[in-house]
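S.K.: Okay, so here is protein37.json, and as you'll see once you scroll down, it has JSON, C-alpha atoms.
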[["chain", "number", "residue", "atom", "x", "y", "z"],
["A", 16, "MET", "CA", 18.20, 41.80, 14.45],
["A", 17, "ASP", "CA", 20.17, 42.18, 17.68],
["A", 18, "ALA", "CA", 21.63, 39.11, 19.31],
["A", 19, "LEU", "CA", 19.28, 37.67, 21.87],
["A", 20, "GLN", "CA", 20.15, 38.60, 25.43],
["A", 21, "ALA", "CA", 18.60, 37.70, 28.76],
["A", 22, "ARG", "CA", 16.16, 40.33, 29.96],
["A", 23, "GLU", "CA", 13.49, 41.08, 32.52],
["A", 24, "LYS", "CA", 10.21, 39.52, 31.38],
["A", 25, "ASP", "CA", 7.79, 42.17, 32.68],
["A", 26, "LYS", "CA", 9.77, 45.03, 31.14],
["A", 27, "PHE", "CA", 9.99, 43.22, 27.80],
["A", 28, "LEU", "CA", 6.25, 42.40, 27.81],
["A", 29, "SER", "CA", 5.36, 46.03, 28.55],
["A", 30, "CYS", "CA", 7.01, 47.08, 25.25],
["A", 31, "LEU", "CA", 5.08, 44.61, 23.08],
["A", 32, "GLU", "CA", 2.03, 45.22, 20.97],
["A", 33, "ILE", "CA", 0.07, 42.43, 19.32],
["A", 34, "ILE", "CA", 0.13, 42.72, 15.53],
["A", 35, "LYS", "CA", -1.99, 39.63, 14.85],
["A", 36, "GLU", "CA", -3.28, 36.75, 16.94],
["A", 37, "LEU", "CA", -2.75, 33.62, 14.87],
["A", 38, "SER", "CA", -4.44, 30.92, 16.95],
["A", 39, "THR", "CA", -5.64, 30.33, 20.45],
["A", 40, "SER", "CA", -6.86, 27.42, 22.56],
["A", 41, "ASP", "CA", -7.39, 26.76, 26.26],
["A", 42, "PHE", "CA", -3.68, 26.19, 26.79],
["A", 43, "GLU", "CA", -1.82, 27.79, 23.86],
["A", 44, "THR", "CA", -1.76, 31.07, 22.01],
["A", 45, "TYR", "CA", 0.30, 32.09, 18.98],
["A", 46, "SER", "CA", 0.62, 35.71, 17.93],
["A", 47, "ILE", "CA", 2.89, 38.07, 16.07],
["A", 48, "VAL", "CA", 4.09, 40.87, 18.33],
["A", 49, "LYS", "CA", 6.21, 43.97, 17.85],
["A", 50, "ASN", "CA", 8.57, 45.59, 20.33],
["A", 51, "THR", "CA", 7.50, 49.24, 20.17],
["A", 52, "GLU", "CA", 10.90, 50.45, 21.41],
["A", 53, "THR", "CA", 13.12, 48.53, 18.96],
["A", 54, "GLY", "CA", 10.73, 47.77, 16.09],
["A", 55, "GLU", "CA", 11.66, 44.07, 16.27],
["A", 56, "HIS", "CA", 8.99, 41.48, 15.56],
["A", 57, "TYR", "CA", 8.57, 38.16, 17.32],
["A", 58, "LEU", "CA", 6.43, 35.10, 16.99],
["A", 59, "HIS", "CA", 5.00, 34.74, 20.50],
["A", 60, "TYR", "CA", 4.05, 31.28, 21.74],
["A", 61, "PHE", "CA", 2.27, 31.27, 25.10],
["A", 62, "LEU", "CA", 1.73, 27.98, 26.92],
["A", 63, "SER", "CA", -0.30, 27.50, 30.07],
["A", 64, "HIS", "CA", 0.60, 24.23, 31.79],
["A", 65, "ILE", "CA", -1.29, 22.68, 34.69],
["A", 66, "ASN", "CA", 1.22, 20.97, 36.94],
["A", 67, "LEU", "CA", -0.76, 18.07, 38.40],
["A", 68, "SER", "CA", 2.17, 16.80, 40.45],
["A", 69, "GLU", "CA", 2.03, 20.06, 42.42],
["A", 70, "GLY", "CA", -1.69, 20.15, 43.19],
["A", 71, "GLY", "CA", -2.84, 21.58, 39.87],
["A", 72, "ARG", "CA", -0.65, 24.67, 39.97],
["A", 73, "LYS", "CA", -0.84, 26.64, 36.72],
["A", 74, "ASP", "CA", 2.49, 27.58, 35.14],
["A", 75, "ASP", "CA", 2.62, 30.01, 32.22],
["A", 76, "TYR", "CA", 5.48, 30.04, 29.72],
["A", 77, "ASP", "CA", 6.32, 32.57, 27.03],
["A", 78, "HIS", "CA", 8.51, 31.94, 23.99],
["A", 79, "PHE", "CA", 9.60, 34.69, 21.60],
["A", 80, "LEU", "CA", 11.10, 33.78, 18.24],
["A", 81, "PRO", "CA", 12.60, 36.77, 16.36],
["A", 82, "ILE", "CA", 11.13, 36.99, 12.85],
["A", 83, "GLU", "CA", 11.93, 39.03, 9.77],
["A", 84, "SER", "CA", 9.48, 40.84, 7.45],
["A", 85, "ASP", "CA", 9.24, 37.95, 4.97],
["A", 86, "ASP", "CA", 8.44, 35.53, 7.80],
["A", 87, "ILE", "CA", 5.80, 37.88, 9.21],
["A", 88, "LEU", "CA", 3.94, 37.95, 5.91],
["A", 89, "GLY", "CA", 4.34, 34.21, 5.34],
["A", 90, "ILE", "CA", 2.94, 33.40, 8.77],
["A", 91, "MET", "CA", 0.12, 35.97, 8.59],
["A", 92, "PHE", "CA", -1.10, 34.63, 5.26],
["A", 93, "GLY", "CA", -0.83, 30.99, 6.31],
["A", 94, "GLU", "CA", 1.97, 30.18, 3.89],
["A", 95, "GLN", "CA", 4.56, 29.44, 6.57],
["A", 96, "PRO", "CA", 4.13, 27.04, 9.50],
["A", 97, "TYR", "CA", 4.85, 28.39, 12.95],
["A", 98, "GLN", "CA", 3.98, 25.67, 15.49],
["A", 99, "PHE", "CA", 6.28, 25.04, 18.43],
["A", 100, "PRO", "CA", 8.69, 23.19, 18.54],
["A", 101, "GLU", "CA", 8.83, 21.88, 14.94],
["A", 102, "ASN", "CA", 9.27, 25.29, 13.35],
["A", 103, "TRP", "CA", 11.41, 26.90, 16.03],
["A", 104, "ARG", "CA", 14.87, 25.98, 14.79],
["A", 105, "SER", "CA", 16.71, 29.19, 15.52],
["A", 106, "SER", "CA", 17.49, 30.89, 18.83],
["A", 107, "TYR", "CA", 14.60, 32.40, 20.76],
["A", 108, "LEU", "CA", 13.78, 33.82, 24.17],
["A", 109, "ARG", "CA", 11.90, 31.68, 26.68],
["A", 110, "SER", "CA", 10.62, 32.16, 30.18],
["A", 111, "GLY", "CA", 10.65, 29.95, 33.24],
["A", 112, "ASN", "CA", 9.05, 30.30, 36.64],
["A", 113, "ASP", "CA", 10.76, 33.57, 37.41],
["A", 114, "ASN", "CA", 10.67, 37.02, 35.84],
["A", 115, "ARG", "CA", 13.36, 36.42, 33.23],
["A", 116, "LEU", "CA", 13.50, 35.69, 29.54],
["A", 117, "ILE", "CA", 16.61, 33.78, 28.57],
["A", 118, "PRO", "CA", 18.00, 32.91, 25.14],
["A", 119, "PHE", "CA", 17.69, 29.30, 24.08],
["A", 120, "ASP", "CA", 19.43, 27.69, 21.08],
["A", 121, "PRO", "CA", 17.55, 24.55, 19.99],
["A", 122, "SER", "CA", 20.09, 23.66, 17.29],
["A", 123, "GLU", "CA", 21.89, 21.20, 19.57],
["A", 124, "ASN", "CA", 18.82, 18.96, 19.40],
["A", 125, "PHE", "CA", 18.32, 18.90, 15.61],
["A", 126, "ASP", "CA", 20.27, 15.74, 14.86],
["A", 127, "LEU", "CA", 18.98, 13.53, 17.67],
["A", 128, "ASP", "CA", 16.64, 11.54, 15.40],
["A", 129, "GLU", "CA", 19.46, 10.90, 12.93],
["A", 130, "ALA", "CA", 21.77, 9.83, 15.75],
["A", 131, "ALA", "CA", 19.15, 7.43, 17.14],
["A", 132, "VAL", "CA", 18.73, 5.76, 13.74],
["A", 133, "ALA", "CA", 22.51, 5.42, 13.39],
["A", 134, "GLU", "CA", 22.77, 3.99, 16.90],
["A", 135, "LEU", "CA", 20.16, 1.31, 16.16],
["A", 136, "ALA", "CA", 21.87, 0.41, 12.88],
["A", 137, "MET", "CA", 25.23, 0.12, 14.66],
["A", 138, "LEU", "CA", 23.73, -2.15, 17.33],
["A", 139, "GLU", "CA", 22.25, -4.36, 14.63],
["A", 140, "LYS", "CA", 25.65, -4.63, 12.90],
["A", 141, "LEU", "CA", 27.29, -5.46, 16.23],
["A", 142, "GLU", "CA", 24.81, -8.28, 16.86],
["A", 143, "GLN", "CA", 25.42, -9.66, 13.35],
["A", 144, "TYR", "CA", 29.18, -9.45, 13.86],
["A", 145, "LYS", "CA", 29.01, -11.18, 17.24],
["A", 146, "GLU", "CA", 26.88, -13.97, 15.78],
["A", 147, "GLN", "CA", 29.29, -14.45, 12.87],
["A", 148, "MET", "CA", 32.29, -14.59, 15.22],
["A", 149, "MET", "CA", 30.58, -17.03, 17.59],
["A", 150, "ASN", "CA", 29.96, -19.35, 14.63],
["A", 151, "ALA", "CA", 33.44, -18.90, 13.17],
["A", 152, "ASP", "CA", 35.12, -21.97, 14.66],
["A", 153, "ASN", "CA", 36.19, -23.30, 11.26],
["A", 154, "LEU", "CA", 37.30, -19.91, 9.84],
["A", 155, "SER", "CA", 40.96, -19.09, 9.38],
["A", 156, "ALA", "CA", 42.58, -16.08, 11.04],
["A", 157, "GLU", "CA", 42.48, -14.27, 7.68],
["A", 158, "GLU", "CA", 38.72, -14.95, 7.29],
["A", 159, "ARG", "CA", 38.08, -13.66, 10.83],
["A", 160, "GLU", "CA", 40.13, -10.58, 10.04],
["A", 161, "GLU", "CA", 38.09, -10.04, 6.86],
["A", 162, "LEU", "CA", 34.84, -10.27, 8.88],
["A", 163, "THR", "CA", 36.22, -7.65, 11.26],
["A", 164, "LYS", "CA", 37.24, -5.36, 8.39],
["A", 165, "GLN", "CA", 33.75, -5.69, 6.89],
["A", 166, "TYR", "CA", 32.18, -4.91, 10.27],
["A", 167, "PHE", "CA", 34.20, -1.69, 10.69],
["A", 168, "ALA", "CA", 33.56, -0.68, 7.07],
["A", 169, "GLU", "CA", 29.81, -1.06, 7.67],
["A", 170, "LEU", "CA", 30.04, 1.05, 10.83],
["A", 171, "ASP", "CA", 31.87, 3.74, 8.88],
["A", 172, "LYS", "CA", 29.11, 3.73, 6.24],
["A", 173, "ILE", "CA", 26.50, 4.17, 8.97],
["A", 174, "LEU", "CA", 28.45, 7.09, 10.37],
["A", 175, "LYS", "CA", 28.93, 8.43, 6.81],
["A", 176, "LYS", "CA", 32.64, 8.85, 7.17],
["A", 177, "PRO", "CA", 35.40, 7.27, 5.09],
["A", 178, "LEU", "CA", 37.37, 4.39, 6.51],
["A", 179, "SER", "CA", 40.28, 6.26, 8.07],
["A", 180, "ARG", "CA", 42.85, 3.50, 8.07],
["A", 181, "PRO", "CA", 42.96, -0.19, 7.31],
["A", 182, "PHE", "CA", 42.32, -2.57, 10.17],
["A", 183, "GLN", "CA", 45.46, -3.77, 11.84],
["A", 184, "GLY", "CA", 44.92, -6.80, 14.01]]
Just give me the structure of the file as structure tokens.

M.R.:
Amino acid sequence: MDALQAREKDKFLSCLEIIKELSTSDFETYSIVKNTETGEHYLHYFLSHINLSEGGRKDDYDHFLPIESDDILGIMFGEQPYQFPENWRSSYLRSGNDNRLIPFDPSENFDLDEAAVAELAMLEKLEQYKEQMMNADNLSAEEREELTKQYFAELDKILKKPLSRPFQG
């Protein structure tokens, strides 16, 4: 399949034929479409959004995910999920409020949940470390250093990377 490139929306839409409508509701439609000029297939997700902050203006958005033959069959026979955005993990074309379709790569957002969990764990370790150090009046310098080494080792475990060098106070 060719690399996704920005293109004029109306021209692209004029070359599409619907192969199968998968589901439809008042605001969303999923279908498998084929570009009659190139033979490429896409999973088409259409969303109609009512923008209440602008007096109820209706905005329509199109998303086109390139799909291969195996995916077409899997989706058509209900064996492969296709809902947006959970199952749209590769680059696709999407529209805005103008007459363009632009490529979008969602991969930069895949690890956000993992990063948020790591961030919370790191904050928890920091709070524990701060509490230990505030109550460390009767600890020796070596014991304080050991607490600090343990703290950084725990942070490294959270980040899943090896301890790069020993702590030097």

S.K.: Excluding Glu36 in chain A and any residue of its chain fewer than 5 positions from it, enumerate the residues within 12 Å of it, using all atoms listed in the file, and give them as a list of chain:residue names.

M.R.: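 Counting all atoms listed in the file, the residues come to A:Glu43, A:Thr44, A:Tyr45, A:Ser46, A:Ile47, A:Val48, A:Lys49, A:Tyr57, A:Leu58, A:His59, A:Tyr60, A:Phe61, A:Ile87, A:Ile90, A:Met91.
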
S.K.: Between CA of Ile82 in chain A and CA of Ala21 in chain A, what is the distance in Å, rounded to a tenth?

M.R.: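 Answer for the CA of Ile82 in chain A to CA of Ala21 in chain A separation: 17.6 Å.
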
S.K.: Which residues of range 59-83 of chain A come within 10 Å of range 112-115 of chain A, and for each one, what is the closest pair of atoms and their distance in Å to one decimal, counting all atoms listed in the file, sorted by chain and residue number, as CSV?

M.R.:
residue,atom,partner,partner_atom,distance
A:Asp74,CA,A:Asn112,CA,7.3
A:Asp75,CA,A:Asn112,CA,7.8
A:Tyr76,CA,A:Asn112,CA,7.8

S.K.: Mind dumping the selected residues with C-alpha atoms as a PDB file, keeping the file's coordinate frame?

M.R.:
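Result file follows (result_9.pdb):
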ATOM      1  CA  ASP A  74       2.490  27.580  35.140  1.00  0.00           C
ATOM      2  CA  ASP A  75       2.620  30.010  32.220  1.00  0.00           C
ATOM      3  CA  TYR A  76       5.480  30.040  29.720  1.00  0.00           C
TER       4      TYR A  76
END

S.K.: Tell me which of A:Met148, A:Leu154, A:Tyr166, A:Ile173 sits closest to Ala133 in chain A, counting only C-alpha atoms.

M.R.: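 The closest residue to Ala133 in chain A is A:Ile173.
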
S.K.: To one decimal place in Å, what is the distance between CA of Leu174 in chain A and CA of Asp120 in chain A?

M.R.: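 Atom-to-atom, CA of Leu174 in chain A and CA of Asp120 in chain A are spaced 24.9 Å apart.
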
S.K.: Taking all atoms listed in the file into account, name the residue in A:Leu37, A:Leu19, A:Ala168, A:Ala136 that is nearest to Leu80 in chain A.

M.R.: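 The closest residue to Leu80 in chain A is A:Leu19.
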
S.K.: Measure the distance from CA of Ser105 in chain A to CA of Thr39 in chain A in Å and round it to one decimal.

M.R.: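 Computing it gives 22.9 Å between the two atoms.
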
S.K.: Which is closer to Gly111 in chain A than all the others in A:Glu161, A:Asp86, A:Asp77, A:Glu134, using only C-alpha atoms?

M.R.: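 Among A:Glu161, A:Asp86, A:Asp77, A:Glu134, it is A:Asp77 that comes nearest to Gly111 in chain A.
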
S.K.: Please write as a compact mmCIF listing (two decimals) with C-alpha atoms, keeping the file's coordinate frame the list of polymer residues whose atoms come within 12 Å of (12.9, 45.9, 17.6), counting all atoms listed in the file and keeping to the coordinates of the file.

M.R.:
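Result file follows (part_18.txt):
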# COMPACT_ATOMS: atom_id res chain seq x y z
CA MET A 16 18.20 41.80 14.45
CA ASP A 17 20.17 42.18 17.68
CA ALA A 18 21.63 39.11 19.31
CA LEU A 19 19.28 37.67 21.87
CA PHE A 27 9.99 43.22 27.80
CA CYS A 30 7.01 47.08 25.25
CA LEU A 31 5.08 44.61 23.08
CA GLU A 32 2.03 45.22 20.97
CA VAL A 48 4.09 40.87 18.33
CA LYS A 49 6.21 43.97 17.85
CA ASN A 50 8.57 45.59 20.33
CA THR A 51 7.50 49.24 20.17
CA GLU A 52 10.90 50.45 21.41
CA THR A 53 13.12 48.53 18.96
CA GLY A 54 10.73 47.77 16.09
CA GLU A 55 11.66 44.07 16.27
CA HIS A 56 8.99 41.48 15.56
CA TYR A 57 8.57 38.16 17.32
CA PRO A 81 12.60 36.77 16.36
CA ILE A 82 11.13 36.99 12.85
CA GLU A 83 11.93 39.03 9.77
CA SER A 84 9.48 40.84 7.45

S.K.: Near Tyr107 in chain A, within 6 Å and counting all atoms listed in the file, which residues show up once chain neighbours fewer than 3 positions away are dropped, as an MDAnalysis selection string?

M.R.: chainID A and resid 79:80 118:119

S.K.: Could you dump the residues just selected with C-alpha atoms as a compact mmCIF listing (two decimals), in the coordinates of the input?

M.R.:
# COMPACT_ATOMS: atom_id res chain seq x y z
CA PHE A 79 9.60 34.69 21.60
CA LEU A 80 11.10 33.78 18.24
CA PRO A 118 18.00 32.91 25.14
CA PHE A 119 17.69 29.30 24.08

S.K.: Restricting the calculation to only C-alpha atoms, which member of A:Glu94, A:Lys164, A:Asp25, A:His78 is positioned closest to Ile117 in chain A?

M.R.: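 Closest to Ile117 in chain A of all the choices is A:His78.
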
S.K.: Extract, using only C-alpha atoms, all DNA, RNA and protein residues at most 12 Å from Leu138 in chain A, discarding same-chain residues fewer than 6 positions from it, and format them as a PDB file with C-alpha atoms, in the frame of the given file.

M.R.:
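Final file, around24.pdb:
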ATOM      1  CA  ALA A 131      19.150   7.430  17.140  1.00  0.00           C
ATOM      2  CA  VAL A 132      18.730   5.760  13.740  1.00  0.00           C
ATOM      3  CA  TYR A 144      29.180  -9.450  13.860  1.00  0.00           C
ATOM      4  CA  LYS A 145      29.010 -11.180  17.240  1.00  0.00           C
ATOM      5  CA  TYR A 166      32.180  -4.910  10.270  1.00  0.00           C
ATOM      6  CA  GLU A 169      29.810  -1.060   7.670  1.00  0.00           C
ATOM      7  CA  LEU A 170      30.040   1.050  10.830  1.00  0.00           C
ATOM      8  CA  ILE A 173      26.500   4.170   8.970  1.00  0.00           C
TER       9      ILE A 173
END
